[in-house]
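Have a look at query_19.cif; it's mmCIF, C-alpha atoms:
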```cif
data_data
#
loop_
_atom_site.label_atom_id
_atom_site.label_comp_id
_atom_site.auth_asym_id
_atom_site.auth_seq_id
_atom_site.Cartn_x
_atom_site.Cartn_y
_atom_site.Cartn_z
CA MET A 1 -53.15 98.25 -84.38
CA LYS A 2 -55.14 96.87 -81.48
CA ASP A 3 -58.76 98.04 -81.04
CA GLU A 4 -60.45 97.16 -77.79
CA GLN A 5 -63.91 97.67 -76.39
CA PRO A 6 -64.67 98.91 -72.88
CA ARG A 7 -64.62 96.31 -70.12
CA ALA A 8 -66.83 95.87 -67.13
CA SER A 9 -65.81 97.96 -64.15
CA SER A 10 -64.52 96.34 -60.97
CA ASP A 11 -68.05 96.20 -59.59
CA GLY A 12 -69.20 94.29 -62.70
CA HIS A 13 -71.14 97.12 -64.37
CA LYS A 14 -70.13 98.32 -67.80
CA GLN A 15 -69.29 102.01 -67.82
CA ASN A 16 -71.34 103.51 -70.66
CA ARG A 17 -70.72 107.22 -70.32
CA ASN A 18 -67.67 107.20 -72.60
CA ASN A 19 -68.43 104.24 -74.89
CA GLY A 20 -68.72 106.41 -78.00
CA VAL A 21 -65.41 108.15 -77.39
CA SER A 22 -62.30 106.70 -79.00
CA ILE A 23 -58.75 107.28 -77.82
CA LEU A 24 -55.61 106.36 -79.71
CA ILE A 25 -52.58 105.49 -77.58
CA ALA A 26 -49.14 105.47 -79.17
CA ASP A 27 -46.10 104.27 -77.25
CA ASP A 28 -43.27 101.93 -78.21
CA ASP A 29 -43.25 100.54 -74.66
CA PRO A 30 -45.89 97.77 -74.59
CA ALA A 31 -46.20 97.90 -70.79
CA MET A 32 -46.90 101.65 -70.77
CA ARG A 33 -49.32 101.32 -73.68
CA SER A 34 -51.16 98.53 -71.89
CA LEU A 35 -51.29 100.38 -68.56
CA VAL A 36 -52.75 103.56 -70.08
CA SER A 37 -55.16 101.53 -72.23
CA ASP A 38 -56.42 99.51 -69.27
CA GLU A 39 -56.98 102.63 -67.18
CA LEU A 40 -58.93 104.37 -69.95
CA ARG A 41 -60.96 101.28 -70.83
CA GLU A 42 -62.02 101.12 -67.19
CA GLU A 43 -63.40 104.65 -67.68
CA GLY A 44 -65.46 103.33 -70.61
CA TYR A 45 -63.43 104.70 -73.52
CA ARG A 46 -62.81 102.74 -76.72
CA VAL A 47 -59.03 102.40 -77.01
CA THR A 48 -56.79 101.67 -79.98
CA GLN A 49 -53.08 101.03 -79.50
CA VAL A 50 -50.17 101.61 -81.90
CA SER A 51 -46.42 101.51 -81.36
CA ASP A 52 -44.96 104.25 -83.58
CA GLY A 53 -45.56 107.69 -85.03
CA GLN A 54 -46.25 106.46 -88.55
CA ALA A 55 -49.05 104.19 -87.30
CA VAL A 56 -50.51 107.15 -85.37
CA LEU A 57 -50.86 109.20 -88.55
CA GLU A 58 -52.36 106.27 -90.45
CA CYS A 59 -54.85 105.58 -87.69
CA VAL A 60 -55.85 109.24 -87.36
CA GLY A 61 -56.39 109.30 -91.12
CA HIS A 62 -58.89 106.45 -91.21
CA ALA A 63 -60.22 105.91 -87.67
CA GLU A 64 -60.57 109.56 -86.61
CA PRO A 65 -60.07 109.13 -82.85
CA ASP A 66 -61.45 111.77 -80.51
CA LEU A 67 -58.11 112.15 -78.71
CA VAL A 68 -54.51 110.93 -79.09
CA ILE A 69 -52.06 110.15 -76.30
CA THR A 70 -48.57 109.78 -77.73
CA ASP A 71 -45.06 109.20 -76.49
CA LEU A 72 -42.41 111.64 -77.68
CA ARG A 73 -39.45 109.31 -78.12
CA MET A 74 -40.52 106.35 -80.20
CA PRO A 75 -39.91 105.30 -83.82
CA HIS A 76 -41.23 107.96 -86.22
CA GLY A 77 -42.15 110.13 -83.21
CA GLY A 78 -40.86 113.46 -82.01
CA MET A 79 -42.11 117.01 -82.19
CA GLU A 80 -42.47 116.76 -85.97
CA SER A 81 -44.91 113.91 -85.44
CA VAL A 82 -46.94 116.12 -83.10
CA ALA A 83 -46.98 118.86 -85.76
CA ARG A 84 -48.11 116.37 -88.43
CA LEU A 85 -50.86 115.15 -86.11
CA ARG A 86 -51.97 118.72 -85.47
CA ALA A 87 -52.06 119.41 -89.23
CA ALA A 88 -54.00 116.20 -89.94
CA ALA A 89 -56.58 116.80 -87.20
CA PRO A 90 -56.54 120.48 -86.16
CA GLY A 91 -59.25 120.22 -83.51
CA MET A 92 -58.29 116.89 -81.97
CA PRO A 93 -56.71 117.00 -78.49
CA ILE A 94 -53.16 115.61 -78.35
CA ILE A 95 -51.55 114.56 -75.09
CA LEU A 96 -47.79 114.16 -75.22
CA MET A 97 -45.89 111.99 -72.73
CA THR A 98 -42.15 111.59 -72.31
CA ALA A 99 -39.62 110.11 -69.91
CA PHE A 100 -36.99 112.52 -71.22
CA GLY A 101 -38.64 115.89 -70.68
CA ASP A 102 -37.76 119.17 -69.10
CA LYS A 103 -39.26 122.68 -69.18
CA ALA A 104 -37.82 123.33 -72.65
CA THR A 105 -39.36 120.10 -73.98
CA GLU A 106 -42.70 121.01 -72.45
CA SER A 107 -42.57 124.46 -74.03
CA LEU A 108 -41.75 122.96 -77.42
CA ALA A 109 -44.56 120.44 -77.06
CA TYR A 110 -47.13 123.21 -76.74
CA LYS A 111 -45.50 125.20 -79.54
CA TRP A 112 -45.72 122.20 -81.91
CA GLY A 113 -49.39 121.57 -81.09
CA ALA A 114 -49.78 119.43 -77.96
CA SER A 115 -52.90 120.11 -75.91
CA ALA A 116 -51.36 118.67 -72.73
CA TYR A 117 -47.96 117.40 -71.62
CA PHE A 118 -46.91 114.79 -69.06
CA ASN A 119 -43.55 113.60 -67.81
CA LYS A 120 -43.31 109.89 -67.14
CA PRO A 121 -44.04 108.29 -64.83
CA VAL A 122 -47.55 109.58 -65.42
CA ARG A 123 -50.00 109.97 -62.54
CA MET A 124 -53.00 108.09 -63.90
CA ALA A 125 -55.58 110.12 -62.00
CA GLN A 126 -54.12 113.31 -63.48
CA LEU A 127 -54.01 111.83 -66.99
CA LYS A 128 -57.64 110.64 -66.78
CA GLU A 129 -58.76 114.05 -65.51
CA THR A 130 -56.92 115.78 -68.37
CA VAL A 131 -58.52 113.42 -70.90
CA ARG A 132 -61.96 114.20 -69.46
CA ILE A 133 -61.36 117.97 -69.50
CA LEU A 134 -60.01 117.97 -73.06
CA LEU A 135 -62.88 115.83 -74.33
CA ASP A 136 -65.50 117.89 -72.47
CA GLY A 137 -64.05 121.06 -73.98
CA ASP A 138 -64.05 119.49 -77.44
CA ALA A 139 -67.69 118.40 -77.04
CA GLN A 140 -68.70 121.92 -75.98
CA LYS A 141 -67.01 123.39 -79.08
CA LYS A 142 -68.89 120.92 -81.31
CA ARG A 143 -72.22 121.75 -79.64
CA ARG A 144 -71.61 125.49 -80.12
CA ARG A 145 -70.96 124.96 -83.84
CA LEU A 146 -74.28 123.12 -84.17
CA TYR A 147 -76.19 126.11 -82.81
CA GLU A 148 -74.33 128.84 -84.71
#
```
Would you write the structure of this file as structure tokens?
Amino acid sequence: MKDEQPRASSDGHKQNRNNGVSILIADDDPAMRSLVSDELREEGYRVTQVSDGQAVLECVGHAEPDLVITDLRMPHGGMESVARLRAAAPGMPIILMTAFGDKATESLAYKWGASAYFNKPVRMAQLKETVRILLDGDAQKKRRRLYE
């Protein structure tokens, strides 16, 4: 498990708006894991990387990330892994990515508990926007619970 802090942006200023938000990235492809991690760190998120579905569940159990981005086809992965994640952290957004998807896979992903679904190659701007939307929605739910 690799935990990394936000880096300075390209203009040299640290991006602080997302520093308290942690994202867990699970993919057995180190290049993909690194690419997504770098992009999200540049947005100011704290990023942890793991390479299989078992490590995802362990990390969710003790680190409690705010959001998980996971590959579908990796060791100990699959739709069952998404369902176990959903059971372990019912309110946590889960983004599922796959290079082997179709409409049926996408439909199953939502059925098993994914919050969002992407076919690879992933458009980074779209992924970052989805992360922001899911986290903003999660923050609004938490604020509403505080005032109820």
(request) Could you tell me how far CA of Ala83 in chain A lies from CA of Leu57 in chain A, in Å and to one decimal? (result) 10.8 Å
(request) Might you pull out every residue within 12 Å of range 106-111 of chain A, with all atoms listed in the file counted and same-chain residues fewer than 2 positions away left off, and present them as a list in words? (result)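 Contacts, in chain order: Thr70, Asp71, Leu72, Gly78, Met79, Glu80, Ser81, Val82, Ala83, Arg86, Pro93, Ile94, Ile95, Leu96, Met97, Thr98, Ala99, Phe100, Gly101, Asp102, Lys103, Ala104, Gly113, Ala114, Ser115, Ala116, Tyr117, Phe118 and Asn119 of chain A.
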Export C-alpha atoms of the chosen residues as a CSV table (one decimal), in the coordinates of the input?
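Written file, out_26.csv:
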```
chain,number,residue,atom,x,y,z
A,70,THR,CA,-48.6,109.8,-77.7
A,71,ASP,CA,-45.1,109.2,-76.5
A,72,LEU,CA,-42.4,111.6,-77.7
A,78,GLY,CA,-40.9,113.5,-82.0
A,79,MET,CA,-42.1,117.0,-82.2
A,80,GLU,CA,-42.5,116.8,-86.0
A,81,SER,CA,-44.9,113.9,-85.4
A,82,VAL,CA,-46.9,116.1,-83.1
A,83,ALA,CA,-47.0,118.9,-85.8
A,86,ARG,CA,-52.0,118.7,-85.5
A,93,PRO,CA,-56.7,117.0,-78.5
A,94,ILE,CA,-53.2,115.6,-78.4
A,95,ILE,CA,-51.6,114.6,-75.1
A,96,LEU,CA,-47.8,114.2,-75.2
A,97,MET,CA,-45.9,112.0,-72.7
A,98,THR,CA,-42.2,111.6,-72.3
A,99,ALA,CA,-39.6,110.1,-69.9
A,100,PHE,CA,-37.0,112.5,-71.2
A,101,GLY,CA,-38.6,115.9,-70.7
A,102,ASP,CA,-37.8,119.2,-69.1
A,103,LYS,CA,-39.3,122.7,-69.2
A,104,ALA,CA,-37.8,123.3,-72.6
A,113,GLY,CA,-49.4,121.6,-81.1
A,114,ALA,CA,-49.8,119.4,-78.0
A,115,SER,CA,-52.9,120.1,-75.9
A,116,ALA,CA,-51.4,118.7,-72.7
A,117,TYR,CA,-48.0,117.4,-71.6
A,118,PHE,CA,-46.9,114.8,-69.1
A,119,ASN,CA,-43.6,113.6,-67.8
```
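Proximity to Tyr45 in chain A was assessed for A:Lys128, A:Pro30, A:Gly20, A:Met92 counting only C-alpha atoms; the smallest distance is recorded for A:Gly20.
Straight-line separation from CA of Met32 in chain A to CA of Gln126 in chain A: 15.5 Å.
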(request) Expand the PyMOL selection byres ((chain A and resi 48-50) around 12) into the individual residues it matches in the shown file, reporting them as a ChimeraX atom specification. (result) /A:1-6,21-38,40-41,45-47,51-60,63-71,74-77
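Note that CA of Glu39 in chain A and CA of Val131 in chain A are 11.5 Å apart.
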(request) Would you mind telling me which residue in A:Glu42, A:Arg84, A:Gly137, A:Arg73 lies nearest to Lys120 in chain A when using only C-alpha atoms? (result) A:Arg73
(message) Under the rule that only C-alpha atoms are counted, which of A:Thr105, A:Trp112, A:Thr130, A:Asn18 is the nearest residue to Ala87 in chain A?
(response) A:Trp112
Output file request: range 24-65 of chain A, with N, CA and C atoms, as a PDB file, in the first residue's frame.
```
ATOM      1  N   LEU A  24      -8.683   6.026  -2.532  1.00  0.00           N
ATOM      2  CA  LEU A  24      -7.983   4.759  -2.693  1.00  0.00           C
ATOM      3  C   LEU A  24      -8.097   4.328  -4.148  1.00  0.00           C
ATOM      4  N   ILE A  25      -6.958   4.034  -4.767  1.00  0.00           N
ATOM      5  CA  ILE A  25      -6.933   3.596  -6.164  1.00  0.00           C
ATOM      6  C   ILE A  25      -6.439   2.161  -6.207  1.00  0.00           C
ATOM      7  N   ALA A  26      -7.236   1.297  -6.825  1.00  0.00           N
ATOM      8  CA  ALA A  26      -6.879  -0.119  -6.936  1.00  0.00           C
ATOM      9  C   ALA A  26      -6.843  -0.516  -8.404  1.00  0.00           C
ATOM     10  N   ASP A  27      -5.678  -0.950  -8.845  1.00  0.00           N
ATOM     11  CA  ASP A  27      -5.512  -1.420 -10.214  1.00  0.00           C
ATOM     12  C   ASP A  27      -4.257  -2.274 -10.245  1.00  0.00           C
ATOM     13  N   ASP A  28      -4.308  -3.411 -10.934  1.00  0.00           N
ATOM     14  CA  ASP A  28      -3.126  -4.260 -11.010  1.00  0.00           C
ATOM     15  C   ASP A  28      -2.126  -3.770 -12.048  1.00  0.00           C
ATOM     16  N   ASP A  29      -2.492  -2.766 -12.811  1.00  0.00           N
ATOM     17  CA  ASP A  29      -1.593  -2.170 -13.796  1.00  0.00           C
ATOM     18  C   ASP A  29      -0.899  -0.966 -13.145  1.00  0.00           C
ATOM     19  N   PRO A  30       0.404  -1.094 -12.825  1.00  0.00           N
ATOM     20  CA  PRO A  30       1.103  -0.002 -12.144  1.00  0.00           C
ATOM     21  C   PRO A  30       1.077   1.323 -12.910  1.00  0.00           C
ATOM     22  N   ALA A  31       1.132   1.269 -14.225  1.00  0.00           N
ATOM     23  CA  ALA A  31       1.117   2.504 -15.020  1.00  0.00           C
ATOM     24  C   ALA A  31      -0.222   3.224 -14.889  1.00  0.00           C
ATOM     25  N   MET A  32      -1.312   2.476 -14.949  1.00  0.00           N
ATOM     26  CA  MET A  32      -2.644   3.080 -14.809  1.00  0.00           C
ATOM     27  C   MET A  32      -2.832   3.635 -13.404  1.00  0.00           C
ATOM     28  N   ARG A  33      -2.408   2.865 -12.412  1.00  0.00           N
ATOM     29  CA  ARG A  33      -2.511   3.293 -11.012  1.00  0.00           C
ATOM     30  C   ARG A  33      -1.733   4.594 -10.813  1.00  0.00           C
ATOM     31  N   SER A  34      -0.547   4.661 -11.358  1.00  0.00           N
ATOM     32  CA  SER A  34       0.297   5.836 -11.219  1.00  0.00           C
ATOM     33  C   SER A  34      -0.306   7.048 -11.939  1.00  0.00           C
ATOM     34  N   LEU A  35      -0.809   6.836 -13.143  1.00  0.00           N
ATOM     35  CA  LEU A  35      -1.420   7.923 -13.910  1.00  0.00           C
ATOM     36  C   LEU A  35      -2.601   8.537 -13.156  1.00  0.00           C
ATOM     37  N   VAL A  36      -3.517   7.692 -12.700  1.00  0.00           N
ATOM     38  CA  VAL A  36      -4.700   8.196 -11.982  1.00  0.00           C
ATOM     39  C   VAL A  36      -4.267   8.877 -10.683  1.00  0.00           C
ATOM     40  N   SER A  37      -3.330   8.260  -9.972  1.00  0.00           N
ATOM     41  CA  SER A  37      -2.838   8.850  -8.720  1.00  0.00           C
ATOM     42  C   SER A  37      -2.229  10.222  -8.942  1.00  0.00           C
ATOM     43  N   ASP A  38      -1.369  10.335  -9.946  1.00  0.00           N
ATOM     44  CA  ASP A  38      -0.732  11.625 -10.240  1.00  0.00           C
ATOM     45  C   ASP A  38      -1.770  12.698 -10.559  1.00  0.00           C
ATOM     46  N   GLU A  39      -2.745  12.342 -11.374  1.00  0.00           N
ATOM     47  CA  GLU A  39      -3.783  13.313 -11.746  1.00  0.00           C
ATOM     48  C   GLU A  39      -4.569  13.785 -10.526  1.00  0.00           C
ATOM     49  N   LEU A  40      -4.907  12.870  -9.621  1.00  0.00           N
ATOM     50  CA  LEU A  40      -5.699  13.235  -8.451  1.00  0.00           C
ATOM     51  C   LEU A  40      -4.858  13.970  -7.406  1.00  0.00           C
ATOM     52  N   ARG A  41      -3.591  13.611  -7.283  1.00  0.00           N
ATOM     53  CA  ARG A  41      -2.708  14.343  -6.382  1.00  0.00           C
ATOM     54  C   ARG A  41      -2.569  15.790  -6.837  1.00  0.00           C
ATOM     55  N   GLU A  42      -2.520  15.995  -8.153  1.00  0.00           N
ATOM     56  CA  GLU A  42      -2.430  17.367  -8.666  1.00  0.00           C
ATOM     57  C   GLU A  42      -3.669  18.189  -8.308  1.00  0.00           C
ATOM     58  N   GLU A  43      -4.783  17.501  -8.062  1.00  0.00           N
ATOM     59  CA  GLU A  43      -6.012  18.177  -7.631  1.00  0.00           C
ATOM     60  C   GLU A  43      -6.019  18.394  -6.115  1.00  0.00           C
ATOM     61  N   GLY A  44      -4.998  17.886  -5.426  1.00  0.00           N
ATOM     62  CA  GLY A  44      -4.878  18.093  -3.988  1.00  0.00           C
ATOM     63  C   GLY A  44      -5.393  16.960  -3.129  1.00  0.00           C
ATOM     64  N   TYR A  45      -5.810  15.852  -3.721  1.00  0.00           N
ATOM     65  CA  TYR A  45      -6.308  14.726  -2.937  1.00  0.00           C
ATOM     66  C   TYR A  45      -5.153  13.922  -2.349  1.00  0.00           C
ATOM     67  N   ARG A  46      -5.401  13.303  -1.188  1.00  0.00           N
ATOM     68  CA  ARG A  46      -4.469  12.325  -0.634  1.00  0.00           C
ATOM     69  C   ARG A  46      -4.793  10.998  -1.306  1.00  0.00           C
ATOM     70  N   VAL A  47      -3.798  10.318  -1.830  1.00  0.00           N
ATOM     71  CA  VAL A  47      -4.020   9.114  -2.625  1.00  0.00           C
ATOM     72  C   VAL A  47      -3.265   7.937  -2.020  1.00  0.00           C
ATOM     73  N   THR A  48      -3.956   6.806  -1.926  1.00  0.00           N
ATOM     74  CA  THR A  48      -3.344   5.544  -1.539  1.00  0.00           C
ATOM     75  C   THR A  48      -3.541   4.579  -2.700  1.00  0.00           C
ATOM     76  N   GLN A  49      -2.513   3.793  -2.987  1.00  0.00           N
ATOM     77  CA  GLN A  49      -2.578   2.849  -4.102  1.00  0.00           C
ATOM     78  C   GLN A  49      -2.465   1.417  -3.595  1.00  0.00           C
ATOM     79  N   VAL A  50      -3.279   0.524  -4.173  1.00  0.00           N
ATOM     80  CA  VAL A  50      -3.171  -0.914  -3.928  1.00  0.00           C
ATOM     81  C   VAL A  50      -3.332  -1.626  -5.264  1.00  0.00           C
ATOM     82  N   SER A  51      -2.947  -2.915  -5.299  1.00  0.00           N
ATOM     83  CA  SER A  51      -2.930  -3.613  -6.590  1.00  0.00           C
ATOM     84  C   SER A  51      -3.895  -4.773  -6.710  1.00  0.00           C
ATOM     85  N   ASP A  52      -4.732  -5.024  -5.682  1.00  0.00           N
ATOM     86  CA  ASP A  52      -5.711  -6.104  -5.820  1.00  0.00           C
ATOM     87  C   ASP A  52      -6.918  -5.873  -4.920  1.00  0.00           C
ATOM     88  N   GLY A  53      -7.960  -6.650  -5.182  1.00  0.00           N
ATOM     89  CA  GLY A  53      -9.226  -6.482  -4.476  1.00  0.00           C
ATOM     90  C   GLY A  53      -9.151  -6.766  -2.994  1.00  0.00           C
ATOM     91  N   GLN A  54      -8.319  -7.709  -2.596  1.00  0.00           N
ATOM     92  CA  GLN A  54      -8.169  -8.020  -1.177  1.00  0.00           C
ATOM     93  C   GLN A  54      -7.574  -6.832  -0.426  1.00  0.00           C
ATOM     94  N   ALA A  55      -6.566  -6.205  -1.005  1.00  0.00           N
ATOM     95  CA  ALA A  55      -5.937  -5.029  -0.391  1.00  0.00           C
ATOM     96  C   ALA A  55      -6.922  -3.864  -0.302  1.00  0.00           C
ATOM     97  N   VAL A  56      -7.827  -3.758  -1.271  1.00  0.00           N
ATOM     98  CA  VAL A  56      -8.855  -2.706  -1.224  1.00  0.00           C
ATOM     99  C   VAL A  56      -9.694  -2.863   0.034  1.00  0.00           C
ATOM    100  N   LEU A  57     -10.189  -4.079   0.265  1.00  0.00           N
ATOM    101  CA  LEU A  57     -11.043  -4.318   1.431  1.00  0.00           C
ATOM    102  C   LEU A  57     -10.293  -4.073   2.732  1.00  0.00           C
ATOM    103  N   GLU A  58      -9.040  -4.499   2.794  1.00  0.00           N
ATOM    104  CA  GLU A  58      -8.239  -4.251   3.993  1.00  0.00           C
ATOM    105  C   GLU A  58      -8.054  -2.759   4.228  1.00  0.00           C
ATOM    106  N   CYS A  59      -7.759  -2.039   3.185  1.00  0.00           N
ATOM    107  CA  CYS A  59      -7.516  -0.602   3.295  1.00  0.00           C
ATOM    108  C   CYS A  59      -8.797   0.142   3.687  1.00  0.00           C
ATOM    109  N   VAL A  60      -9.907  -0.241   3.093  1.00  0.00           N
ATOM    110  CA  VAL A  60     -11.189   0.395   3.435  1.00  0.00           C
ATOM    111  C   VAL A  60     -11.508   0.137   4.901  1.00  0.00           C
ATOM    112  N   GLY A  61     -11.148  -1.052   5.389  1.00  0.00           N
ATOM    113  CA  GLY A  61     -11.419  -1.404   6.775  1.00  0.00           C
ATOM    114  C   GLY A  61     -10.653  -0.586   7.790  1.00  0.00           C
ATOM    115  N   HIS A  62      -9.423  -0.189   7.470  1.00  0.00           N
ATOM    116  CA  HIS A  62      -8.652   0.555   8.475  1.00  0.00           C
ATOM    117  C   HIS A  62      -8.384   2.014   8.107  1.00  0.00           C
ATOM    118  N   ALA A  63      -8.334   2.351   6.846  1.00  0.00           N
ATOM    119  CA  ALA A  63      -8.004   3.723   6.456  1.00  0.00           C
ATOM    120  C   ALA A  63      -9.238   4.580   6.181  1.00  0.00           C
ATOM    121  N   GLU A  64     -10.362   3.942   5.900  1.00  0.00           N
ATOM    122  CA  GLU A  64     -11.619   4.636   5.620  1.00  0.00           C
ATOM    123  C   GLU A  64     -11.475   5.767   4.595  1.00  0.00           C
ATOM    124  N   PRO A  65     -11.120   5.432   3.364  1.00  0.00           N
ATOM    125  CA  PRO A  65     -11.015   6.475   2.333  1.00  0.00           C
ATOM    126  C   PRO A  65     -12.382   7.108   2.049  1.00  0.00           C
TER     127      PRO A  65
END
```
